[in-house]
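A short write-up of the structure that comes next.
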Amino acid sequence: MEFGYLFLLQFVMCNSVIWNFPTTAEVATAPLVDTSDGIWALSSRDVGIYLANRGVTEVNEWKAIPFVETDVTFDPLKGLLLYCIPADNAPYDCMLHKTSLDQCYNEFVVTISMEFVYGMQFDPDSRLLYVSAIDVPGICQVNIDTGQIQSFYGEQTNVNYLRISPDKSYLYWTNFMSTGTNHVRRGNTNGTGTAMTILSRPNAIRGFGIDFVDNRIYFTQDEVNIFSTDINGNDEQAITTDTARVFEMTVDNKYLYWGNRDNQFRRLDLRGDPASNTIETLTTVTNEEFINHQLVTRKELDMSRSILFLSSSIYTANEADQSITIGVTRTGNLLRCSCVDVVVMQPGVRRLTRATIENTLNFAANDVTQSLTLTWTDDFEPNGPDQVSVNLIVNSDDIVGVVDEATVVIRDDDCGYYLLESDVTVNEDAGFVDVGIRRLCTGDMTGAFAETISVEAVEVDGSAQGGFDFVSGTIQASFAQGQDTANVRVPLFDNIQPEETERFVLRLSDPENGRLLEPNSAIVTITDYDNIYMIEQNQYEVMESDRYLDIAIQRIGNLTLPGSVRLSARGQTAQFLSDFQVDSNSEIISFPNDISEITARILLTNDNILESNETFEVFLNSPMGGHLDERKETSITIIDDEVEVSMSDSRYSCLESQQCIVNVIRRGFLDQTTTANVRTEDFSAFAGIDFVAVDRILTFDPWVTSLDVQIILINDDVKEPHANFIVFVDDISRGLIGEPNRANVALWDDDSELPMLVYSLEQTSFSVKESDEELDIVVQRGGSYLGQVGSVRLQVLPISDGSSTGQDDFVDTDIIVEFGEGQREQVIIISITNDDIIETTEEFVVQLSDAVNGVLGDKSRATGTIEDDDASYYLDKSLYNVNEISRELTLTVHRIGSLQKTGFVTLQVVSGNATYESDYIFSPIGTTLQFNPDQTSKSTVIEIIDDFVAEQREIIDVILSRPKYGTLGNPSSAVIVIEDNDMVIAATLTPVPPSSRQIGTAGIALIIAGIVVLLIVTIISCAFCTFLLFRNPSSSWLFPKHQTPVHSYPSSPSYKVPPSPYADFGHVVRRFSGRVVRRLSDRLYKNPYVDSKQPASSQNSLVLYNTTNPMFEGNFFGLENYSKNRSVFDRPGVNRITLPSTQGHYFPY
C-alpha cells in the first residue's frame, strides 16, 4: 500500500500537460536598477518578484505575482529569469515562465504539478532546470527549450531548497520536516545512484545555502539559529541567530545573505568573527517575507547582452536612386529590447534637405535588423560624388559592434550605360562572343568624358562553367571622349565533347561617373553541335536459343541535327555467319532529329550442337555528325543452352567377383532437370547367367553432371572365357544423345588360370609451359605375362571447370595405345597450343580406359597444368593533353606478363583534325618498338609543331597493333589533344576618335608606291629563278653536278624527247599543289647526288610522271622520307615502284 502511494505521487508530479497558448510579449519596459555590478532577483511570498542592485541600495518591484511561493533563477545565455506563476484552474500547479529582464520577451514553458516551488537551479550548458517543492516528492528536471519533463529521486520527500555544484555534476538539497529528522543530502544531476546523506538534525532545517568557494554549508536549526559545516557535514560551527524564520541563504564576497519572515533581506559579514558581527538589514518589503533570491553577476549579464552594428561600413548609390537604406544589425541575445540612435551628417551636400538627420531605431524581441532610409533629390547636373557620414549610438544596456561608423557615397549618374543586346546566341566553334555597349548621356555627347565600365562574365545556372566553357572574370571597356559605343569580347572554349546548350551572363558594373540602364545584363547561350555515339552496355549475355539480341545504340550532345554510325561485328571464339551476324537493317544506324537512342539487332544461329560459351564483339565505326565514345564496342557472350547425355567411356573392364559400375555424364546447360534411359544388351555375356540386366530411368537434377549405374555380376565359380555385354543410353528428355552413347563392358573371369596385365601411367601429374608446345606421356604395362599383345585407351581432356579447352589450349587426344608382345611402355606426344594470349594456368586430365588383355592399375588417371608465358602490351594513358609550346610528346608503351622473350609491337599515329607536318611529325606507317628480355617499357617521341596560329584544339589518334609474343592490353589506343598556345585570352576594342583615323593624301601615295616597288622586285626574282631551273639545270648553286643519262624512248610519234633530264619536272609539279611543290623543291635542294653506278634496284623511290608519258624511265625524283608527302603518292594515278637497274637520277629516302 505504501508503494502504491509513492507511485501515485510520482505520476501526479511528472504527468504534466504543455499549454499550447500563444507566446506573450510585454511591450512595457520593466523598471530596472543599476546593473553595473550585478543584480539580485528577490522572490516575495504572495507579492511577486523584485530586482535590486548588488549592494541592495535600489529595490524595485519587477513583476507582481499574487498567491505564489516560487524560487527564481537566471539563464545567462539568453538573459531570462525563470520562475513559476500559479495556474488559475489548477491551484496546485506551477506554470513555468521565462522572461527577459526588461520584460520585452516573455514565454510560458510548461506546467509542473507542484505548488510550493522553493528550489530552482539551472544548468545553462544542458539547458536543464532542476525544480523541487515540499509538497511533492522527488526532483523534476525540465528542458526549458522543449518543455520536456522527467523526474528522479522519487523516494526523497519534502525536498526544500536546491543547490547545484559548479561542475554541474551534483545536486544538494534539504528534506524539510516540521517534526522529525531533517536532512541535507547530495545526489547526481542525472538522477543515477543513491542519494547520500551529509548531515541530519532532529529539528527543522528551514534555511539552506552553500559557499562553493570555501566549500561550506550554511543551514538553520529550529529556523532561527544559523550553523555551518564543511561540504561533507563535518566541522560544525555556530554562525549567528535570526529571531525571524530564515529562508534561502547565499554567500557572495564573504557575505552571507538571507531572507526572513519579517519581510527582510539581510546579510552578515563572514570575514571576521561572525558571532561578534552585526546582522545588516538591506531592505524590507511589506506584506510578505522574502523566501527566495538569486544573484545575477555582471559576467552573466554581459553574456545576455545584444550587439548592434551597422550592416556595412560603406554604402554606394546613384544620384538617380534618390534614396538609400542604411541597415542596423543585432546579434547576441535577441530575447530583449534594444534602442539605438542613427546620426547622419552631410556637410556641404546641397541635395539633402537637412544638415543632420537623427533617427531612433527600436528592436523588439527576436528583431535582427532595423533600417533607416536616407533620401535626396536628383539635380540632373554633372557633379562629382558626394559623401555622407553615419554614426551609431546605442542607448540601451547593449554593446556597440565593430562597425559603428559608415560612409554613404552618392555618385553622379547623369550618363547611363546599357548593352545593345540582352540575349546573345553563339556556337562553341566560334571561339568568342562580342557584345556592344552603348553610353547615353543627358547632355551633348561631345562633353562626355573618357570613362570606363566593367563587364563581368559569370556563371548563371551552372550549365556553362567559367574557365572550362568561357573565360570568366572582369573585362574593362573604355569610352573615349565623345564616344557612345564600345565592344567587349569574351573568349569561348571548344572542349570537343557533346554538351547541352549552356548559358552564362554578361553583366555591366562599376560605371565611372555614370549609372546603369536597362538592359545592363545579357544572357549568352552557347550551342554545341558535337555528338557522341555509344553502346548502352559494355557486355551482354544471351541464350543461343533466343536467336537474336537487341542492343541500344545511344547518342548524346546536340540532337537537333541528324547523324549516323555504322555497326559492325567481329568474332572471338564465336564465328561470324556460323554463330552470329548483324541484321542488315542494323548495319547503318541513322538518328533522325531529336532521337537519342535506336535499337539494333544481332542475329544468332541455334545450331543444336553442344559447345562451350562463345564470345564476339560488336563495335561502332564511321560516325557521321559526331564522335565515338569509349563505349564504342561491347562484348557479347552466347550461352549455349543445349544439354547432352552420354556414357563417360566406351569401354569398361570388370572382374566377375566384383560389382561393375558404369558412369553416365551430362554436359551443357545444367539449370534444368534431364532424364535418360540406361539399359543393357547381351553380347557374349548373357543376362541372368553372367550379369543382372538393367533397364531404368536416370534423373539428372539441376547442376548434376554425373550419375553412376551399378550392374550386378553373377560369380559362378566356373572357368570360362572372357565375355562382353553392351550398356546403352537413349531416350533423352530436353537434350541430345552424345558420344559415346554405348559402352562395351568386358567381363573377366577371375577363375581362369591366365595371368592378367596391368596398364598405368608413369606419373600422376604433369606440368608444361605453353611455349614448350609438346608434352610427353608415358603409358606402361606390367604383369607376370607380357608375351601377349594388348591395348589401352588414352584420353587427354579439359577439366570440367573450363580453365582449358581442347581446341584452344592443346590437341584433343583420344587414341588406342597398342602393345606388342613383350613391350612394356609407349611414349605419346601431345601438342600444346602457344596462343599468345595472357591467361591463367590451365588444367587438363589424362586418363586410361578400355584395357584389352589386362586391367587398369592405380595410376590410370593424372592431372596436368599448362603455365602461360605470354606478354601484353598497353599504353600508359588513354588520353594525352599537350600544348603546342611543349614541342614534343613522349608516349610510353608497357609490357606485362612473361618477359623472357624479345617482343615487338607497332605504334601508329592517325590524324584526326590535326594535320600531318603542319601540327605534328611522326612516321605515318608507324614505328616498331622492340622489348628486350625483362624490359617492361619503351618510349617514343612525337614532334609537336608550334605554328604560331590561333586555332582550336586538334586531335591525333594513337593505335597499338601487330604484337609479337604477346597480345594487346588495355588501353591499346589513345587520343592526343593538342592545346593551342596562341589563344587570345581577352580582348577589348577601344574605338579611336574620328580625328585620329584621318590619313592625309601624302600618306596614301607613299603606301601605293611601296606596293608597286615590291611587286616589281618579286616578278624579276621569279623570272630569274625559272630561267636557271629549266634552261641551265647543271648550275652548281642549285643542283650538284651529275652525268647526263642515256634515255630510251618508245618509237611512237606521241612521245617527244625532252631537252633535258629535268624537263618532265615541270609537268610533275603542275600536277600537285603549291605546298607539295615547295616540299619537292626542298628535298631536291637538300639531298646530295647519289652516284649513278649504285644499282637502282637497291633504292626505293617515288615515281613522279606526267599524263603523256606514264612509263618514262629517265627522270626519277625520290624523297628523303616519302612518308612526309603522303598527299603525293596517295593521289589517284601515282604509284610507288622499285626502280630497274637503269642508270638515272634519283634521290633515295
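Residues in the C-alpha cells are named by chain (A, B, ... in the order shown) and by number from 1 within that chain; ligands are numbered from 1 in the order shown.
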Residue set, segment 503-739 of chain A restricted to strand (DSSP E), as a count of residues only: 130
Shell of 7 Å around Asp484 of chain A, only C-alpha atoms, local chain residues under 6 positions omitted, as number ranges by chain: A: 438-440
Expected file: the selected residues, N, CA and C atoms, as a short mmCIF file (atom, residue, chain, number, x, y, z; two decimals), in the first residue's frame:
data_model
loop_
_atom_site.label_atom_id
_atom_site.label_comp_id
_atom_site.auth_asym_id
_atom_site.auth_seq_id
_atom_site.Cartn_x
_atom_site.Cartn_y
_atom_site.Cartn_z
N ARG A 438 26.43 50.64 -75.12
CA ARG A 438 26.05 51.99 -75.53
C ARG A 438 26.07 52.91 -74.31
N ARG A 439 26.62 54.13 -74.50
CA ARG A 439 26.61 55.15 -73.45
C ARG A 439 25.64 56.25 -73.86
N LEU A 440 24.73 56.58 -72.95
CA LEU A 440 23.71 57.59 -73.21
C LEU A 440 23.80 58.65 -72.13
#
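Neighbouring residues of Ile944 of chain A at 7 Å or closer, counting only C-alpha atoms and skipping chain neighbours under 4 positions away, are Glu884, Arg887, Glu888, Leu889, Asp919, Tyr920 and Ile921 of chain A.
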Close residues, His183 of chain A itself excluded, 6 Å, only C-alpha atoms, min 5 positions apart in chain, as a PyMOL selection string: chain A and resi 174-175+199-200
Hey, can you spit out that residue selection with all heavy atoms as a compact mmCIF listing (two decimals), in the first residue's frame?
# COMPACT_ATOMS: atom_id res chain seq x y z
N THR A 174 17.75 19.93 0.88
CA THR A 174 17.31 19.65 2.25
C THR A 174 15.96 18.97 2.21
O THR A 174 15.14 19.24 1.32
CB THR A 174 17.19 20.96 3.06
OG1 THR A 174 16.20 21.80 2.46
CG2 THR A 174 18.51 21.69 3.11
N ASN A 175 15.74 18.05 3.17
CA ASN A 175 14.43 17.42 3.37
C ASN A 175 13.79 18.09 4.59
O ASN A 175 14.19 17.84 5.75
CB ASN A 175 14.57 15.92 3.61
CG ASN A 175 15.15 15.21 2.40
OD1 ASN A 175 16.34 14.90 2.40
ND2 ASN A 175 14.35 14.96 1.39
N LEU A 199 24.25 15.44 6.42
CA LEU A 199 24.03 15.68 7.86
C LEU A 199 22.54 15.55 8.16
O LEU A 199 21.69 15.71 7.28
CB LEU A 199 24.57 17.04 8.30
CG LEU A 199 24.02 18.32 7.64
CD1 LEU A 199 22.80 18.84 8.39
CD2 LEU A 199 25.10 19.38 7.60
N SER A 200 22.24 15.28 9.41
CA SER A 200 20.86 15.12 9.87
C SER A 200 20.68 15.91 11.17
O SER A 200 21.62 16.00 12.00
CB SER A 200 20.53 13.65 10.10
OG SER A 200 20.71 12.90 8.91
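Counting only C-alpha atoms, Leu960 of chain A has the following residues at most 6 Å away, ignoring those fewer than 4 positions along the same chain: Thr906, Leu907 and Ser972 of chain A.
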Surrounding residues of Arg734 of chain A excluding itself and chain neighbours under 3 positions, 9 Å, only C-alpha atoms, as number ranges by chain: A: 642-644, 672-675
Expected file contents, prior selection, N, CA, C and O atoms, as a PDB file, in the first residue's frame:
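Contents of out.pdb, freshly written:
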ATOM      1  N   GLU A 642      22.124 -25.949 -74.820  1.00  0.00           N
ATOM      2  CA  GLU A 642      21.888 -27.343 -75.175  1.00  0.00           C
ATOM      3  C   GLU A 642      22.360 -28.252 -74.045  1.00  0.00           C
ATOM      4  O   GLU A 642      23.249 -27.900 -73.258  1.00  0.00           O
ATOM      5  N   VAL A 643      21.766 -29.420 -73.959  1.00  0.00           N
ATOM      6  CA  VAL A 643      22.142 -30.447 -72.980  1.00  0.00           C
ATOM      7  C   VAL A 643      22.450 -31.734 -73.741  1.00  0.00           C
ATOM      8  O   VAL A 643      21.710 -32.108 -74.665  1.00  0.00           O
ATOM      9  N   GLU A 644      23.522 -32.422 -73.340  1.00  0.00           N
ATOM     10  CA  GLU A 644      23.924 -33.666 -74.000  1.00  0.00           C
ATOM     11  C   GLU A 644      24.239 -34.705 -72.931  1.00  0.00           C
ATOM     12  O   GLU A 644      24.945 -34.422 -71.960  1.00  0.00           O
ATOM     13  N   GLN A 672      18.362 -27.183 -65.554  1.00  0.00           N
ATOM     14  CA  GLN A 672      17.067 -27.841 -65.615  1.00  0.00           C
ATOM     15  C   GLN A 672      17.236 -29.334 -65.370  1.00  0.00           C
ATOM     16  O   GLN A 672      18.343 -29.877 -65.443  1.00  0.00           O
ATOM     17  N   THR A 673      16.107 -30.020 -65.105  1.00  0.00           N
ATOM     18  CA  THR A 673      16.127 -31.471 -64.862  1.00  0.00           C
ATOM     19  C   THR A 673      16.103 -32.214 -66.205  1.00  0.00           C
ATOM     20  O   THR A 673      15.353 -31.851 -67.122  1.00  0.00           O
ATOM     21  N   THR A 674      16.950 -33.249 -66.309  1.00  0.00           N
ATOM     22  CA  THR A 674      17.038 -34.054 -67.538  1.00  0.00           C
ATOM     23  C   THR A 674      16.943 -35.528 -67.153  1.00  0.00           C
ATOM     24  O   THR A 674      17.502 -35.952 -66.133  1.00  0.00           O
ATOM     25  N   THR A 675      16.232 -36.319 -67.970  1.00  0.00           N
ATOM     26  CA  THR A 675      16.128 -37.771 -67.744  1.00  0.00           C
ATOM     27  C   THR A 675      16.709 -38.514 -68.943  1.00  0.00           C
ATOM     28  O   THR A 675      16.684 -38.009 -70.077  1.00  0.00           O
TER      29      THR A 675
END
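Between atom CA of Ser165 of chain A and atom CA of Thr189 of chain A the interatomic distance comes to 9.3 Å.
Using only C-alpha atoms, the contacts of Gly272 of chain A at a cut-off of 10 Å, with sequence neighbours closer than 4 positions omitted, comprise A:Lys254, A:Ser276, A:Asn277.
Closest approach to Leu96 of chain A from the set A:Thr220, A:Ser564, A:Thr111, A:Asn182 is made by A:Thr111, with distances taken over only C-alpha atoms.
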Helix (DSSP H, G or I) positions in segment 788-946 of chain A, given as a PyMOL selection string: chain A and resi 806-809+884-886
Counting only C-alpha atoms, the option among A:Ala552, A:Ser126, A:Ile711, A:Gln322 closest to Tyr652 of chain A: A:Ile711
Proximity to Glu818 of chain A - best of A:Arg163, A:Arg515, A:Arg742, A:Arg793, only C-alpha atoms: A:Arg793
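The space separating atom CA of Arg245 of chain A from atom CA of Asp222 of chain A comes to 8.7 Å.
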Residue among A:Ile661, A:Ala687, A:Leu610, A:Ile551 lying closest to Ile636 of chain A, counting only C-alpha atoms: A:Ile551
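Our summary of the geometry notes that atom CA of Asp230 of chain A is positioned 24.5 Å from atom CA of Ser178 of chain A.
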